[in-house]
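The file run_5.cif contains mmCIF, C-alpha atoms:
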```cif
data_model
#
loop_
_atom_site.label_atom_id
_atom_site.label_comp_id
_atom_site.auth_asym_id
_atom_site.auth_seq_id
_atom_site.Cartn_x
_atom_site.Cartn_y
_atom_site.Cartn_z
CA MET A 360 -69.08 -145.00 -84.97
CA GLU A 361 -71.75 -146.71 -82.92
CA VAL A 362 -70.65 -148.47 -79.77
CA SER A 363 -72.50 -149.52 -76.65
CA VAL A 364 -70.77 -148.73 -73.36
CA GLU A 365 -71.46 -150.50 -70.08
CA THR A 366 -69.62 -150.12 -66.81
CA GLU A 367 -68.86 -152.55 -64.03
CA GLY A 368 -67.15 -150.65 -61.25
CA ASP A 369 -64.09 -149.04 -62.85
CA ILE A 370 -64.18 -151.40 -65.79
CA CYS A 371 -65.73 -150.26 -69.04
CA VAL A 372 -67.14 -152.76 -71.55
CA VAL A 373 -67.38 -151.36 -75.07
CA THR A 374 -69.28 -153.32 -77.69
CA ILE A 375 -68.77 -152.43 -81.33
CA CYS A 376 -72.22 -152.31 -82.92
CA GLY A 377 -71.06 -152.45 -86.54
CA THR A 378 -69.69 -155.49 -88.33
CA ARG A 379 -66.57 -153.87 -89.78
CA ILE A 380 -63.56 -151.97 -88.46
CA ASP A 381 -62.12 -150.89 -91.77
CA ALA A 382 -60.56 -147.85 -93.43
CA ALA A 383 -64.01 -146.25 -93.76
CA VAL A 384 -64.51 -146.08 -89.98
CA ALA A 385 -60.98 -146.38 -88.51
CA LEU A 386 -60.72 -142.66 -87.71
CA ALA A 387 -64.22 -142.51 -86.23
CA PHE A 388 -63.44 -145.61 -84.17
CA LYS A 389 -60.28 -144.00 -82.78
CA GLU A 390 -62.17 -140.83 -81.87
CA THR A 391 -65.01 -142.78 -80.25
CA MET A 392 -62.53 -144.78 -78.17
CA ARG A 393 -60.68 -141.60 -77.20
CA GLY A 394 -63.97 -140.29 -75.81
CA VAL A 395 -64.67 -143.50 -73.92
CA ILE A 396 -61.16 -143.44 -72.43
CA GLU A 397 -61.58 -139.82 -71.29
CA ASP A 398 -64.92 -140.59 -69.67
CA SER A 399 -63.71 -143.63 -67.73
CA ALA A 400 -60.92 -144.55 -65.34
CA GLY A 401 -60.24 -148.29 -65.43
CA ASP A 402 -59.47 -151.08 -67.85
CA ILE A 403 -61.45 -151.35 -71.07
CA VAL A 404 -62.96 -154.56 -72.39
CA LEU A 405 -63.61 -154.29 -76.12
CA ASP A 406 -66.25 -156.73 -77.32
CA LEU A 407 -65.67 -157.58 -80.99
CA GLU A 408 -68.28 -160.32 -81.17
CA ARG A 409 -70.22 -158.61 -83.97
CA VAL A 410 -67.14 -157.64 -85.97
CA THR A 411 -66.66 -159.96 -88.93
CA PHE A 412 -63.99 -157.96 -90.74
CA ILE A 413 -61.00 -155.84 -89.76
CA ASP A 414 -58.39 -154.43 -92.14
CA SER A 415 -54.95 -152.93 -91.51
CA SER A 416 -56.48 -149.48 -90.85
CA GLY A 417 -58.79 -150.97 -88.25
CA LEU A 418 -55.91 -152.85 -86.68
CA GLY A 419 -53.94 -149.59 -86.54
CA ALA A 420 -56.87 -147.93 -84.77
CA LEU A 421 -56.89 -150.72 -82.16
CA VAL A 422 -53.15 -150.28 -81.60
CA ALA A 423 -53.66 -146.52 -81.24
CA THR A 424 -56.39 -147.15 -78.64
CA TYR A 425 -54.09 -149.50 -76.73
CA LYS A 426 -51.38 -146.83 -76.68
CA LEU A 427 -53.80 -144.25 -75.30
CA LEU A 428 -54.57 -146.51 -72.34
CA THR A 429 -51.09 -147.71 -71.41
CA PRO A 430 -49.24 -147.87 -69.16
CA GLU A 431 -51.77 -147.15 -66.40
CA ARG A 432 -54.80 -148.88 -67.88
CA GLY A 433 -55.40 -152.09 -69.76
CA LEU A 434 -57.23 -153.11 -72.92
CA VAL A 435 -58.72 -156.57 -73.22
CA LEU A 436 -60.34 -157.95 -76.39
CA VAL A 437 -63.19 -160.45 -76.35
CA GLY A 438 -65.41 -162.16 -78.92
CA MET A 439 -62.82 -162.49 -81.67
CA THR A 440 -64.48 -163.91 -84.80
CA PRO A 441 -62.42 -166.16 -87.13
CA ALA A 442 -61.74 -163.42 -89.70
CA VAL A 443 -60.61 -160.97 -87.05
CA MET A 444 -58.45 -163.59 -85.33
CA LYS A 445 -56.83 -164.39 -88.68
CA VAL A 446 -55.62 -160.79 -89.10
CA PHE A 447 -54.25 -160.76 -85.56
CA GLU A 448 -52.39 -164.02 -86.14
CA LEU A 449 -50.91 -162.97 -89.49
CA THR A 450 -49.64 -159.67 -88.10
CA ARG A 451 -48.63 -161.32 -84.80
CA MET A 452 -50.80 -158.81 -82.94
CA ASP A 453 -52.21 -161.84 -81.12
CA THR A 454 -48.95 -161.73 -79.12
CA ILE A 455 -49.58 -158.11 -78.10
CA PHE A 456 -53.22 -157.93 -77.07
CA ARG A 457 -54.82 -159.72 -74.14
CA MET A 458 -57.76 -161.71 -75.43
CA TYR A 459 -60.48 -163.80 -73.84
CA PRO A 460 -63.28 -165.79 -75.48
CA THR A 461 -66.05 -164.09 -73.50
CA ARG A 462 -66.59 -160.90 -71.57
CA THR A 463 -67.26 -162.86 -68.37
CA GLU A 464 -63.84 -164.48 -68.55
CA ALA A 465 -62.26 -161.10 -69.29
CA LEU A 466 -64.00 -159.42 -66.37
CA ASN A 467 -63.02 -162.25 -64.01
CA ALA A 468 -59.40 -162.00 -65.14
CA ILE A 469 -59.30 -158.23 -64.65
CA VAL A 470 -60.84 -158.49 -61.19
CA ALA A 471 -58.43 -161.31 -60.25
CA ARG A 472 -55.43 -159.23 -61.33
CA ALA A 473 -56.61 -156.26 -59.32
CA LEU A 474 -56.90 -158.27 -56.11
CA MET B 1435 -48.72 -168.41 -115.24
CA ILE B 1436 -52.45 -168.68 -115.90
CA SER B 1437 -53.66 -172.24 -116.00
CA PRO B 1438 -55.50 -173.09 -119.20
CA ARG B 1439 -58.77 -174.41 -117.84
CA ARG B 1440 -61.38 -172.20 -116.29
CA SER B 1441 -64.14 -173.20 -113.94
CA GLY B 1442 -67.78 -172.33 -114.49
CA LEU B 1443 -67.59 -169.03 -112.61
CA PRO B 1444 -68.42 -166.19 -115.01
CA LEU B 1445 -65.84 -163.43 -115.28
CA ILE B 1446 -66.47 -160.93 -112.48
CA GLU B 1447 -66.21 -157.25 -113.32
CA VAL B 1448 -66.71 -154.48 -110.76
CA LEU B 1449 -66.22 -150.78 -111.47
CA VAL B 1450 -66.30 -148.12 -108.74
CA GLN B 1451 -65.21 -144.51 -108.33
CA SER B 1452 -62.53 -144.21 -105.68
CA SER B 1453 -63.70 -143.24 -102.18
CA THR B 1454 -63.39 -144.79 -98.74
CA PHE B 1455 -66.89 -146.20 -98.81
CA ALA B 1456 -66.48 -147.32 -102.43
CA VAL B 1457 -64.12 -149.98 -101.09
CA ARG B 1458 -66.97 -151.50 -99.07
CA ASP B 1459 -69.26 -151.35 -102.10
CA ALA B 1460 -66.67 -152.97 -104.37
CA LEU B 1461 -65.91 -155.72 -101.83
CA ASP B 1462 -69.58 -156.45 -101.38
CA ARG B 1463 -70.24 -156.71 -105.11
CA PHE B 1464 -67.13 -158.76 -105.82
CA LEU B 1465 -67.62 -161.18 -102.92
CA THR B 1466 -71.32 -161.64 -103.71
CA ALA B 1467 -70.37 -162.61 -107.26
CA LEU B 1468 -68.09 -165.34 -105.85
CA ALA B 1469 -71.07 -167.20 -104.37
CA PRO B 1470 -70.98 -170.00 -107.01
CA LEU B 1471 -67.48 -170.97 -105.76
CA CYS B 1472 -68.93 -171.84 -102.31
CA LEU B 1473 -65.79 -170.57 -100.53
CA ASP B 1474 -65.35 -171.60 -96.92
CA ILE B 1475 -64.89 -168.89 -94.30
CA GLU B 1476 -61.08 -168.97 -94.51
CA GLU B 1477 -61.06 -168.67 -98.28
CA TYR B 1478 -63.66 -165.91 -98.21
CA THR B 1479 -61.64 -164.02 -95.62
CA ALA B 1480 -58.45 -164.41 -97.66
CA VAL B 1481 -60.06 -162.89 -100.74
CA GLU B 1482 -61.73 -160.11 -98.74
CA MET B 1483 -58.51 -159.15 -96.95
CA VAL B 1484 -56.34 -159.08 -100.06
CA LEU B 1485 -58.89 -157.11 -102.05
CA ALA B 1486 -59.60 -154.70 -99.17
CA GLU B 1487 -55.92 -153.90 -98.63
CA ALA B 1488 -55.26 -153.47 -102.36
CA LEU B 1489 -58.27 -151.15 -102.75
CA ASN B 1490 -57.42 -149.18 -99.59
CA ASN B 1491 -53.96 -148.57 -101.02
CA ILE B 1492 -55.48 -147.18 -104.21
CA VAL B 1493 -57.88 -144.89 -102.34
CA GLU B 1494 -55.26 -143.73 -99.83
CA HIS B 1495 -52.24 -143.41 -102.13
CA ALA B 1496 -52.94 -143.61 -105.88
CA TYR B 1497 -55.92 -141.23 -105.58
CA SER B 1498 -54.82 -139.35 -102.47
CA SER B 1499 -53.73 -136.20 -104.28
CA VAL B 1500 -54.81 -134.36 -107.42
CA PRO B 1501 -58.36 -135.14 -108.52
CA ASN B 1502 -58.98 -137.18 -105.35
CA SER B 1503 -61.03 -139.73 -107.20
CA GLY B 1504 -61.10 -141.84 -110.29
CA PRO B 1505 -62.14 -145.22 -111.55
CA ILE B 1506 -61.09 -148.54 -110.04
CA ARG B 1507 -61.75 -151.59 -112.21
CA ILE B 1508 -61.63 -155.03 -110.64
CA THR B 1509 -61.90 -158.27 -112.53
CA GLY B 1510 -61.94 -161.76 -111.09
CA ASP B 1511 -61.41 -164.91 -113.06
CA HIS B 1512 -61.41 -168.34 -111.49
CA HIS B 1513 -58.94 -170.95 -112.72
CA HIS B 1514 -57.99 -174.27 -111.24
CA ASP B 1515 -55.08 -172.69 -109.35
CA GLY B 1516 -57.35 -170.16 -107.70
CA LEU B 1517 -58.91 -166.78 -108.20
CA HIS B 1518 -57.02 -164.39 -110.45
CA ILE B 1519 -57.72 -160.79 -109.53
CA HIS B 1520 -56.78 -157.84 -111.71
CA ILE B 1521 -57.14 -154.30 -110.36
CA VAL B 1522 -56.65 -151.21 -112.52
CA ASP B 1523 -56.71 -147.55 -111.47
CA GLU B 1524 -55.69 -144.25 -113.05
CA GLY B 1525 -54.08 -142.68 -109.99
CA VAL B 1526 -50.44 -141.84 -109.37
CA ALA B 1527 -47.88 -144.62 -109.84
CA MET B 1528 -46.37 -146.63 -107.02
CA PRO B 1529 -43.06 -145.14 -105.78
CA ASP B 1530 -40.36 -146.02 -108.37
CA SER B 1531 -43.12 -147.89 -110.20
CA LYS B 1532 -42.34 -150.86 -107.97
CA LEU B 1533 -44.21 -152.95 -105.42
CA PRO B 1534 -43.21 -152.60 -101.78
CA ILE B 1535 -41.46 -155.71 -100.42
CA GLY B 1536 -44.16 -155.99 -97.78
CA LEU B 1537 -42.09 -157.09 -94.81
CA ALA B 1538 -43.99 -157.89 -91.64
CA PRO B 1539 -43.86 -154.85 -89.32
CA ALA B 1540 -42.01 -155.67 -86.10
CA VAL B 1541 -44.30 -156.10 -83.11
CA ASN B 1542 -41.81 -157.25 -80.46
CA LEU B 1543 -41.64 -153.66 -79.24
CA ASP B 1544 -42.71 -151.58 -76.27
CA ILE B 1545 -46.36 -150.60 -76.58
CA PRO B 1546 -45.68 -146.91 -77.44
CA ASP B 1547 -43.50 -148.07 -80.35
CA LEU B 1548 -45.99 -150.53 -81.85
CA PRO B 1549 -46.81 -149.92 -85.53
CA GLU B 1550 -50.21 -148.43 -86.36
CA GLY B 1551 -49.85 -149.11 -90.07
CA GLY B 1552 -47.69 -150.78 -92.68
CA PHE B 1553 -49.59 -154.06 -92.56
CA GLY B 1554 -51.33 -153.68 -95.90
CA TRP B 1555 -48.68 -154.88 -98.34
CA PHE B 1556 -47.48 -157.47 -95.86
CA LEU B 1557 -50.98 -158.97 -95.74
CA ILE B 1558 -51.36 -158.86 -99.54
CA LYS B 1559 -47.96 -160.50 -100.14
CA ASP B 1560 -48.52 -163.03 -97.39
CA ILE B 1561 -51.94 -164.19 -98.55
CA ALA B 1562 -51.81 -163.75 -102.32
CA LYS B 1563 -49.54 -165.43 -104.86
CA ASP B 1564 -47.98 -164.10 -108.09
CA VAL B 1565 -48.41 -160.46 -107.11
CA VAL B 1566 -47.34 -158.36 -110.10
CA TYR B 1567 -47.55 -154.61 -110.56
CA ALA B 1568 -47.04 -152.62 -113.72
CA ARG B 1569 -47.45 -148.98 -114.66
CA VAL B 1570 -48.91 -149.01 -118.14
CA GLY B 1571 -49.53 -145.59 -119.65
CA HIS B 1572 -51.58 -143.71 -117.07
CA GLU B 1573 -52.80 -146.88 -115.37
CA ASN B 1574 -51.65 -148.89 -112.37
CA GLN B 1575 -52.22 -152.55 -113.04
CA LEU B 1576 -52.05 -154.99 -110.16
CA LYS B 1577 -52.43 -158.70 -110.77
CA LEU B 1578 -52.52 -161.35 -108.11
CA ARG B 1579 -53.87 -164.79 -107.39
CA VAL B 1580 -55.59 -166.05 -104.27
CA ALA B 1581 -55.34 -169.84 -104.08
CA VAL B 1582 -58.98 -170.55 -103.22
CA ALA B 1583 -61.57 -172.97 -104.61
CA LEU B 1584 -58.80 -175.11 -106.08
CA HIS B 1585 -60.02 -177.80 -108.46
CA ALA B 1586 -63.54 -176.42 -108.21
#
```
Step by step, read the file and then write its structure as structure tokens.
Amino acid sequence: MEVSVETEGDICVVTICGTRIDAAVALAFKETMRGVIEDSAGDIVLDLERVTFIDSSGLGALVATYKLLTPERGLVLVGMTPAVMKVFELTRMDTIFRMYPTRTEALNAIVARAL
Amino acid sequence: MISPRRSGLPLIEVLVQSSTFAVRDALDRFLTALAPLCLDIEEYTAVEMVLAEALNNIVEHAYSSVPNSGPIRITGDHHHDGLHIHIVDEGVAMPDSKLPIGLAPAVNLDIPDLPEGGFGWFLIKDIAKDVVYARVGHENQLKLRVAVALHA
């Protein structure tokens, strides 16, 4: 699963390059994120700006990623498109994940919390 | 249950052989055929989610064992109360030949206890109406309605 990884100090920003996190790529997504988590040390910002569809398998893979990071590290989601937001709202996962509209806001919030 | 009048949308028929990527192919073909209905983003998403979860269930459960693949036939027919979708496969039957209730998985839990699955039937039941399943001969037949493009 293609992702682009950028770092800002300890923080890792991961952008999903594809437009779908569905059953076809959920396992690959989980494995990719496992690798990113092993190669980094701080919070992870996941940029979903290009993702226009997520299904229950994709949602499960996001939850699994969150579990891998906690309790020491955080996961923040940014760039939620309407279809992705809809799935989070219906499953009430919007109450579980920290979300910001943009990566700048997410990075500012993470830095502010660390101070 | 089916309203008598149909809109101008031709009957949609999509046939694929079960596989994980076949779900993407089927969704793409089915949703492209819905273009004449001019669905807004919310309606489009509703149809895509319901269809994706129903097809994933077939690939992951109905065809998970024995031959590992088989046909999935999807038809879509637009009426004034929405889009009627009929999905038929030849995989194994649902447990007890019944639909799951599809309760929302609890999420007010500690992070390690959060569910990583079990959202599929909840999403289908939450978004779609008149969800009916029947085992007929060697076929699973799932019928449902997504209330989109009403009065179109």
Select from chain B every residue with an atom at most 10 Å from any atom of chain A, then for each give the shortest pair of atoms and their distance in Å to one decimal, using only C-alpha atoms, rows by chain and rising number, as JSON lines.
```
{"residue": "B:Ser1453", "atom": "CA", "partner": "A:Ala383", "partner_atom": "CA", "distance": 8.9}
{"residue": "B:Thr1454", "atom": "CA", "partner": "A:Ala383", "partner_atom": "CA", "distance": 5.2}
{"residue": "B:Phe1455", "atom": "CA", "partner": "A:Ala383", "partner_atom": "CA", "distance": 5.8}
{"residue": "B:Ala1456", "atom": "CA", "partner": "A:Ala383", "partner_atom": "CA", "distance": 9.1}
{"residue": "B:Val1457", "atom": "CA", "partner": "A:Ala383", "partner_atom": "CA", "distance": 8.2}
{"residue": "B:Arg1458", "atom": "CA", "partner": "A:Ala383", "partner_atom": "CA", "distance": 8.0}
{"residue": "B:Ile1475", "atom": "CA", "partner": "A:Ala442", "partner_atom": "CA", "distance": 7.8}
{"residue": "B:Glu1476", "atom": "CA", "partner": "A:Ala442", "partner_atom": "CA", "distance": 7.4}
{"residue": "B:Tyr1478", "atom": "CA", "partner": "A:Ala442", "partner_atom": "CA", "distance": 9.1}
{"residue": "B:Thr1479", "atom": "CA", "partner": "A:Ala442", "partner_atom": "CA", "distance": 6.0}
{"residue": "B:Ala1480", "atom": "CA", "partner": "A:Ala442", "partner_atom": "CA", "distance": 8.7}
{"residue": "B:Glu1482", "atom": "CA", "partner": "A:Phe412", "partner_atom": "CA", "distance": 8.6}
{"residue": "B:Met1483", "atom": "CA", "partner": "A:Asp414", "partner_atom": "CA", "distance": 6.7}
{"residue": "B:Val1484", "atom": "CA", "partner": "A:Asp414", "partner_atom": "CA", "distance": 9.4}
{"residue": "B:Ala1486", "atom": "CA", "partner": "A:Asp414", "partner_atom": "CA", "distance": 7.1}
{"residue": "B:Glu1487", "atom": "CA", "partner": "A:Asp414", "partner_atom": "CA", "distance": 7.0}
{"residue": "B:Asn1490", "atom": "CA", "partner": "A:Ala382", "partner_atom": "CA", "distance": 7.0}
{"residue": "B:Val1493", "atom": "CA", "partner": "A:Ala382", "partner_atom": "CA", "distance": 9.8}
{"residue": "B:Glu1494", "atom": "CA", "partner": "A:Ala382", "partner_atom": "CA", "distance": 9.3}
{"residue": "B:Ala1538", "atom": "CA", "partner": "A:Thr450", "partner_atom": "CA", "distance": 6.9}
{"residue": "B:Pro1539", "atom": "CA", "partner": "A:Thr450", "partner_atom": "CA", "distance": 7.6}
{"residue": "B:Ala1540", "atom": "CA", "partner": "A:Arg451", "partner_atom": "CA", "distance": 8.8}
{"residue": "B:Val1541", "atom": "CA", "partner": "A:Arg451", "partner_atom": "CA", "distance": 7.0}
{"residue": "B:Asn1542", "atom": "CA", "partner": "A:Ile455", "partner_atom": "CA", "distance": 8.2}
{"residue": "B:Leu1543", "atom": "CA", "partner": "A:Ile455", "partner_atom": "CA", "distance": 9.2}
{"residue": "B:Asp1544", "atom": "CA", "partner": "A:Ile455", "partner_atom": "CA", "distance": 9.7}
{"residue": "B:Ile1545", "atom": "CA", "partner": "A:Lys426", "partner_atom": "CA", "distance": 6.3}
{"residue": "B:Pro1546", "atom": "CA", "partner": "A:Lys426", "partner_atom": "CA", "distance": 5.8}
{"residue": "B:Asp1547", "atom": "CA", "partner": "A:Lys426", "partner_atom": "CA", "distance": 8.8}
{"residue": "B:Leu1548", "atom": "CA", "partner": "A:Val422", "partner_atom": "CA", "distance": 7.2}
{"residue": "B:Pro1549", "atom": "CA", "partner": "A:Gly419", "partner_atom": "CA", "distance": 7.2}
{"residue": "B:Glu1550", "atom": "CA", "partner": "A:Gly419", "partner_atom": "CA", "distance": 3.9}
{"residue": "B:Gly1551", "atom": "CA", "partner": "A:Gly419", "partner_atom": "CA", "distance": 5.4}
{"residue": "B:Gly1552", "atom": "CA", "partner": "A:Ser415", "partner_atom": "CA", "distance": 7.7}
{"residue": "B:Phe1553", "atom": "CA", "partner": "A:Ser415", "partner_atom": "CA", "distance": 5.6}
{"residue": "B:Gly1554", "atom": "CA", "partner": "A:Ser415", "partner_atom": "CA", "distance": 5.7}
{"residue": "B:Trp1555", "atom": "CA", "partner": "A:Ser415", "partner_atom": "CA", "distance": 9.5}
{"residue": "B:Phe1556", "atom": "CA", "partner": "A:Thr450", "partner_atom": "CA", "distance": 8.4}
{"residue": "B:Leu1557", "atom": "CA", "partner": "A:Leu449", "partner_atom": "CA", "distance": 7.4}
{"residue": "B:Asp1560", "atom": "CA", "partner": "A:Leu449", "partner_atom": "CA", "distance": 8.3}
{"residue": "B:Ile1561", "atom": "CA", "partner": "A:Leu449", "partner_atom": "CA", "distance": 9.2}
```
> When the PyMOL selection byres ((chain A and resi 368-378) around 10) is applied to the file above, which residues end up in the set, as a PyMOL selection string?
Replying inline: chain A and resi 360-367+379-381+384+388+392+395-396+398-413+432-438+462+465-466+469-470
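The two atoms in question, atom CA of B:Gly1536 and atom CA of B:Ala1488, are spaced 12.3 Å apart.
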Identify all residues satisfying the PyMOL selection byres ((chain B and resi 1513-1520) around 6) in the given file; provide them as a compact mmCIF listing (two decimals) with C-alpha atoms, in the coordinates of the input.
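Dumped to selection.txt:
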```txt
# COMPACT_ATOMS: atom_id res chain seq x y z
CA ARG B 1440 -61.38 -172.20 -116.29
CA SER B 1441 -64.14 -173.20 -113.94
CA ILE B 1508 -61.63 -155.03 -110.64
CA THR B 1509 -61.90 -158.27 -112.53
CA GLY B 1510 -61.94 -161.76 -111.09
CA ASP B 1511 -61.41 -164.91 -113.06
CA HIS B 1512 -61.41 -168.34 -111.49
CA ILE B 1521 -57.14 -154.30 -110.36
CA LEU B 1576 -52.05 -154.99 -110.16
CA LYS B 1577 -52.43 -158.70 -110.77
CA LEU B 1578 -52.52 -161.35 -108.11
CA ARG B 1579 -53.87 -164.79 -107.39
CA VAL B 1580 -55.59 -166.05 -104.27
CA ALA B 1581 -55.34 -169.84 -104.08
CA VAL B 1582 -58.98 -170.55 -103.22
CA ALA B 1583 -61.57 -172.97 -104.61
CA LEU B 1584 -58.80 -175.11 -106.08
CA HIS B 1585 -60.02 -177.80 -108.46
```
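Atom CA of B:Lys1563 to atom CA of B:Lys1532 spans 16.5 Å [interatomic distance, one decimal].
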> Separation of atom CA of B:Ile1492 and atom CA of B:Asp1523, in Å?
Replying inline: 7.4 Å
>> Suppose a student applies the PyMOL selection byres ((chain B and resi 1460) around 10) to this structure; what residues should they get, written as an MDAnalysis selection string?
In response: chainID B and resid 1447:1452 1455:1459 1461:1466 1485:1486 1489 1506:1508
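Nearest residue to B:Ser1503 among B:Cys1472, B:Val1566, B:Leu1533, B:Val1526 is B:Val1526, counting all atoms listed in the file.
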